[in-house]
Amino acid sequence: MKVYLDNAATTPISKEVFKEMEPYFTSHFGNPSSTHSFGRKTKNGIEITRKKIADLINAQNNEIVFTSGGTEADNIALRCAVQDLGVQRIITTKIEHHAVGHTAEDLKKLNGIEVLYLNTDNHGNPSIDELESELNKPVKTLVSLMHANNEIGTLLPLQEVASICAKHQHVYFHSDTVQTMGHYPFDVKELDIDFLTCSAHKLHGPKGIGFLFVKNHILMNPLITGGSQERNNRGGTENIYGIIGLGKAMELAFSDLKEHQEHIQSLKSLMIKELQDIDQRISFNGHIEPNKSLYTVLNVCFPNEVCNSMLLFSLDIHGIAASGGSACSSGSNIGSHVLAELPQQENCQSVRFSFSRYTTIEEVNYTLDKIRAILLNERK
Ligand code: PLP
């Protein structure tokens, strides 16, 4: 049996998505910038997809910019805020994805801006009080806080943070929604947010494509110059099959959202319950309550005598794919900048299991059986 429980790293492309993309590899190959019928066909495909995505998150068409994925979208948001909007300070946390963390540090080095890291608690929640108090300072600021942490699944109260930011004229808000787009409903008007980011391969779409939502009134200079594509926001011939795939993946994700949520959450809840039955010392990194935790991610804290890389290796032998913090030789999860911020880490070997709508109960039960057997064997 092959079981894929690493969906936070990437997801398998869905058959429907692949089918939708196929004609754009073969018959619909025109350059969207060409004015003849071949070009008009692909240009049309792009614009229909842009509208489809905009409608799904209640945005306007011109607020969607296609990018090569989440990393690029995060980069554009942060770099545009500094270079075009005059932001002098980025407020973020130490547990963001490197697409945000490394970019903020780069902007500090290149542009001399201030980077302020909010304190995070034991579950990875940033301090909202600290944020509110910092925003009272009259410094042009970008707040960049991820909607759900990709390693531990902790959810940000997105609407609350967006409302806090919206109270201040001098504050812009970006949220890395790469792990949550297609898993929760989004209404950018209600949220009143400036930047959101998406990556298709996290929601059963193709790799190398994503989008950035940029609020209408924000004018950006392109990071990639050399062409007038994307309304002058990003040069380069469009990844047409990727865009078509992203649009279909978004459509499918939102069409049965509630059903997917319930299915995946039930698998996660089963895994939580059964793991604690296997060994009461097993705990979890980040929140596990459904309203505080992304339902696709479960980060398990095994007792220290269980080496996480050995566990991952043994699971891999049984055909089960999950992911872990780092090698266990030091007795801590030094490889992960997220886990390093959690205080309880010294007593823990962490493994992340992440689910998708294609994960089945049989696969979860099979995984639990193997974990049970591996832990029993370790204790012998
Ligand atoms: N942001 C988060 C939270 C992610 O989990 C990832 C991918 O792991 C990215 C950004 C980067 O996205 P991409 O792989 O499309 O560059």
# chains A, B, ... in the order shown; residues from 1 in each chain; ligands from 1

$ closest_atom_pairs --of "chain A" --to "ligand 1" --cutoff "9 Å" --atoms "only C-alpha atoms and all ligand atoms" --output "tab-separated table"
residue	atom	partner	partner_atom_place_in_ligand_line	distance
A:Ala8	CA	ligand 1	5 (O)	6.5
A:Ala9	CA	ligand 1	8 (O)	5.4
A:Thr10	CA	ligand 1	8 (O)	7.3
A:Thr67	CA	ligand 1	15 (O)	9.0
A:Ser68	CA	ligand 1	15 (O)	6.9
A:Gly69	CA	ligand 1	15 (O)	3.6
A:Gly70	CA	ligand 1	12 (O)	3.5
A:Thr71	CA	ligand 1	16 (O)	3.7
A:Glu72	CA	ligand 1	16 (O)	6.4
A:Ala73	CA	ligand 1	16 (O)	8.0
A:Asp74	CA	ligand 1	10 (C)	7.1
A:Glu96	CA	ligand 1	3 (C)	7.1
A:His97	CA	ligand 1	1 (N)	5.2
A:His98	CA	ligand 1	10 (C)	7.5
A:Ala99	CA	ligand 1	10 (C)	5.7
A:Val100	CA	ligand 1	1 (N)	7.6
A:Met146	CA	ligand 1	3 (C)	6.7
A:His147	CA	ligand 1	3 (C)	8.2
A:Ala148	CA	ligand 1	3 (C)	7.1
A:Asn149	CA	ligand 1	3 (C)	6.2
A:Asn150	CA	ligand 1	5 (O)	4.8
A:Glu151	CA	ligand 1	5 (O)	7.9
A:Asp176	CA	ligand 1	1 (N)	5.9
A:Thr177	CA	ligand 1	3 (C)	6.7
A:Val178	CA	ligand 1	2 (C)	4.9
A:Gln179	CA	ligand 1	3 (C)	5.4
A:Thr180	CA	ligand 1	3 (C)	8.5
A:Thr197	CA	ligand 1	1 (N)	8.0
A:Cys198	CA	ligand 1	15 (O)	7.3
A:Ser199	CA	ligand 1	15 (O)	4.4
A:Ala200	CA	ligand 1	15 (O)	7.0
A:His201	CA	ligand 1	15 (O)	6.7
A:Lys202	CA	ligand 1	7 (C)	7.6
A:Lys207	CA	ligand 1	15 (O)	6.8
A:Gly208	CA	ligand 1	15 (O)	6.3
A:Ile209	CA	ligand 1	15 (O)	6.8
A:Gly210	CA	ligand 1	15 (O)	6.5

$ write_last_selection --atoms "N, CA, C and O atoms" --output "CSV table (one decimal), in the first residue's frame"
chain,number,residue,atom,x,y,z
A,8,ALA,N,1.0,18.9,2.8
A,8,ALA,CA,1.4,20.3,3.0
A,8,ALA,C,2.7,20.6,2.2
A,8,ALA,O,2.9,21.8,1.9
A,9,ALA,N,3.4,19.6,1.8
A,9,ALA,CA,4.6,19.8,0.9
A,9,ALA,C,4.1,20.0,-0.5
A,9,ALA,O,4.5,21.0,-1.2
A,10,THR,N,3.3,19.1,-1.0
A,10,THR,CA,2.7,19.3,-2.3
A,10,THR,C,1.5,18.3,-2.4
A,10,THR,O,1.5,17.3,-1.7
A,67,THR,N,1.6,34.4,-10.9
A,67,THR,CA,3.0,34.3,-10.5
A,67,THR,C,3.5,32.9,-10.7
A,67,THR,O,2.7,32.0,-11.0
A,68,SER,N,4.7,32.6,-10.4
A,68,SER,CA,5.3,31.3,-10.6
A,68,SER,C,5.0,30.4,-9.3
A,68,SER,O,5.4,29.3,-9.2
A,69,GLY,N,4.2,31.0,-8.4
A,69,GLY,CA,3.9,30.2,-7.2
A,69,GLY,C,3.8,31.1,-5.9
A,69,GLY,O,3.9,32.3,-6.0
A,70,GLY,N,3.9,30.4,-4.8
A,70,GLY,CA,3.7,31.1,-3.5
A,70,GLY,C,5.0,32.0,-3.2
A,70,GLY,O,4.9,33.1,-2.7
A,71,THR,N,6.2,31.4,-3.5
A,71,THR,CA,7.4,32.1,-3.1
A,71,THR,C,7.4,33.5,-3.9
A,71,THR,O,7.7,34.5,-3.3
A,72,GLU,N,7.1,33.4,-5.2
A,72,GLU,CA,7.2,34.7,-5.9
A,72,GLU,C,6.1,35.6,-5.5
A,72,GLU,O,6.4,36.9,-5.3
A,73,ALA,N,4.9,35.1,-5.2
A,73,ALA,CA,3.8,36.0,-4.8
A,73,ALA,C,4.2,36.7,-3.5
A,73,ALA,O,4.0,37.9,-3.3
A,74,ASP,N,4.8,36.0,-2.5
A,74,ASP,CA,5.2,36.6,-1.2
A,74,ASP,C,6.3,37.6,-1.5
A,74,ASP,O,6.2,38.7,-0.9
A,96,GLU,N,7.2,32.4,10.1
A,96,GLU,CA,6.7,32.4,8.7
A,96,GLU,C,7.5,31.5,7.8
A,96,GLU,O,8.6,31.1,8.1
A,97,HIS,N,6.9,31.2,6.6
A,97,HIS,CA,7.7,30.5,5.6
A,97,HIS,C,8.9,31.3,5.2
A,97,HIS,O,8.8,32.6,5.2
A,98,HIS,N,9.9,30.7,4.7
A,98,HIS,CA,11.1,31.4,4.3
A,98,HIS,C,10.9,32.4,3.2
A,98,HIS,O,11.6,33.4,3.0
A,99,ALA,N,9.8,32.2,2.4
A,99,ALA,CA,9.5,33.1,1.3
A,99,ALA,C,9.2,34.5,1.9
A,99,ALA,O,9.4,35.5,1.2
A,100,VAL,N,8.7,34.5,3.1
A,100,VAL,CA,8.5,35.8,3.8
A,100,VAL,C,9.7,36.2,4.7
A,100,VAL,O,10.2,37.3,4.6
A,146,MET,N,1.2,34.8,8.3
A,146,MET,CA,0.6,33.7,7.6
A,146,MET,C,-0.7,33.2,8.1
A,146,MET,O,-0.9,33.3,9.4
A,147,HIS,N,-1.6,32.8,7.3
A,147,HIS,CA,-3.0,32.4,7.7
A,147,HIS,C,-2.9,31.1,8.5
A,147,HIS,O,-3.5,30.9,9.5
A,148,ALA,N,-2.1,30.1,7.9
A,148,ALA,CA,-1.9,28.9,8.7
A,148,ALA,C,-0.5,28.5,8.5
A,148,ALA,O,0.1,28.6,7.4
A,149,ASN,N,0.1,28.1,9.6
A,149,ASN,CA,1.5,27.7,9.6
A,149,ASN,C,1.7,26.3,8.9
A,149,ASN,O,1.0,25.4,9.2
A,150,ASN,N,2.6,26.3,7.9
A,150,ASN,CA,2.7,25.0,7.1
A,150,ASN,C,3.3,23.9,7.9
A,150,ASN,O,3.1,22.7,7.5
A,151,GLU,N,4.0,24.1,9.0
A,151,GLU,CA,4.5,23.0,9.7
A,151,GLU,C,3.6,22.5,10.9
A,151,GLU,O,3.5,21.3,11.1
A,176,ASP,N,0.2,35.3,4.0
A,176,ASP,CA,0.6,34.1,3.2
A,176,ASP,C,-0.5,33.1,3.4
A,176,ASP,O,-0.6,32.4,4.4
A,177,THR,N,-1.4,32.9,2.3
A,177,THR,CA,-2.5,32.0,2.4
A,177,THR,C,-2.3,30.7,1.6
A,177,THR,O,-3.2,30.1,1.2
A,178,VAL,N,-1.0,30.5,1.4
A,178,VAL,CA,-0.6,29.3,0.5
A,178,VAL,C,-1.2,28.0,1.1
A,178,VAL,O,-1.6,27.2,0.3
A,179,GLN,N,-1.2,27.8,2.4
A,179,GLN,CA,-1.7,26.5,2.9
A,179,GLN,C,-3.2,26.5,3.1
A,179,GLN,O,-3.8,25.5,3.4
A,180,THR,N,-3.9,27.7,3.0
A,180,THR,CA,-5.3,27.7,3.3
A,180,THR,C,-6.2,28.0,2.1
A,180,THR,O,-7.4,27.7,2.1
A,197,THR,N,-1.7,35.4,-1.0
A,197,THR,CA,-0.9,34.6,-1.9
A,197,THR,C,-1.4,33.2,-2.0
A,197,THR,O,-1.9,32.6,-1.1
A,198,CYS,N,-1.2,32.6,-3.2
A,198,CYS,CA,-1.7,31.3,-3.5
A,198,CYS,C,-0.7,30.5,-4.3
A,198,CYS,O,-0.1,31.1,-5.2
A,199,SER,N,-0.6,29.2,-4.1
A,199,SER,CA,0.2,28.3,-4.9
A,199,SER,C,-0.6,27.1,-5.3
A,199,SER,O,-1.2,26.4,-4.5
A,200,ALA,N,-0.7,26.9,-6.6
A,200,ALA,CA,-1.6,25.8,-7.1
A,200,ALA,C,-1.3,24.4,-6.7
A,200,ALA,O,-2.2,23.6,-6.4
A,201,HIS,N,0.0,24.2,-6.5
A,201,HIS,CA,0.3,22.8,-6.2
A,201,HIS,C,0.0,22.3,-4.8
A,201,HIS,O,0.1,21.2,-4.4
A,202,LYS,N,-0.5,23.3,-4.0
A,202,LYS,CA,-1.0,22.9,-2.6
A,202,LYS,C,-2.5,22.5,-2.7
A,202,LYS,O,-3.1,22.1,-1.7
A,207,LYS,N,2.5,22.5,-10.4
A,207,LYS,CA,3.6,23.2,-9.7
A,207,LYS,C,4.0,24.4,-10.6
A,207,LYS,O,3.8,24.3,-11.8
A,208,GLY,N,4.6,25.4,-10.0
A,208,GLY,CA,5.1,26.5,-10.8
A,208,GLY,C,4.1,27.6,-11.2
A,208,GLY,O,4.3,28.3,-12.2
A,209,ILE,N,3.0,27.6,-10.5
A,209,ILE,CA,2.0,28.6,-10.8
A,209,ILE,C,1.2,29.0,-9.5
A,209,ILE,O,1.0,28.1,-8.7
A,210,GLY,N,0.9,30.2,-9.4
A,210,GLY,CA,0.1,30.7,-8.3
A,210,GLY,C,-0.4,32.1,-8.6
A,210,GLY,O,-0.4,32.5,-9.8

$ residues_around --residues "Leu131 of chain A" --least-positions-apart "3" --cutoff "9 Å" --atoms "only C-alpha atoms" --output "list in words"
Ile91, Leu118, Pro126, Ser127, Ile128, Glu134, Leu135, Asn136, Val143, Val161 and Ile164 of chain A

$ closest_residue --among "A:Asp194, A:Glu22, A:Glu16, A:Asp279" --to "Leu85 of chain A" --atoms "only C-alpha atoms"
A:Asp194

$ residues_around --residues "segment 36-46 of chain A" --least-positions-apart "2" --cutoff "12 Å" --atoms "only C-alpha atoms" --output "number ranges by chain"
A: 20-21, 23-34, 48-53, 61, 64-66, 229-230, 237-248

$ closest_residue --among "A:Asn62, A:Thr35, A:Ser269, A:Thr141" --to "Ile218 of chain A" --atoms "only C-alpha atoms"
A:Asn62
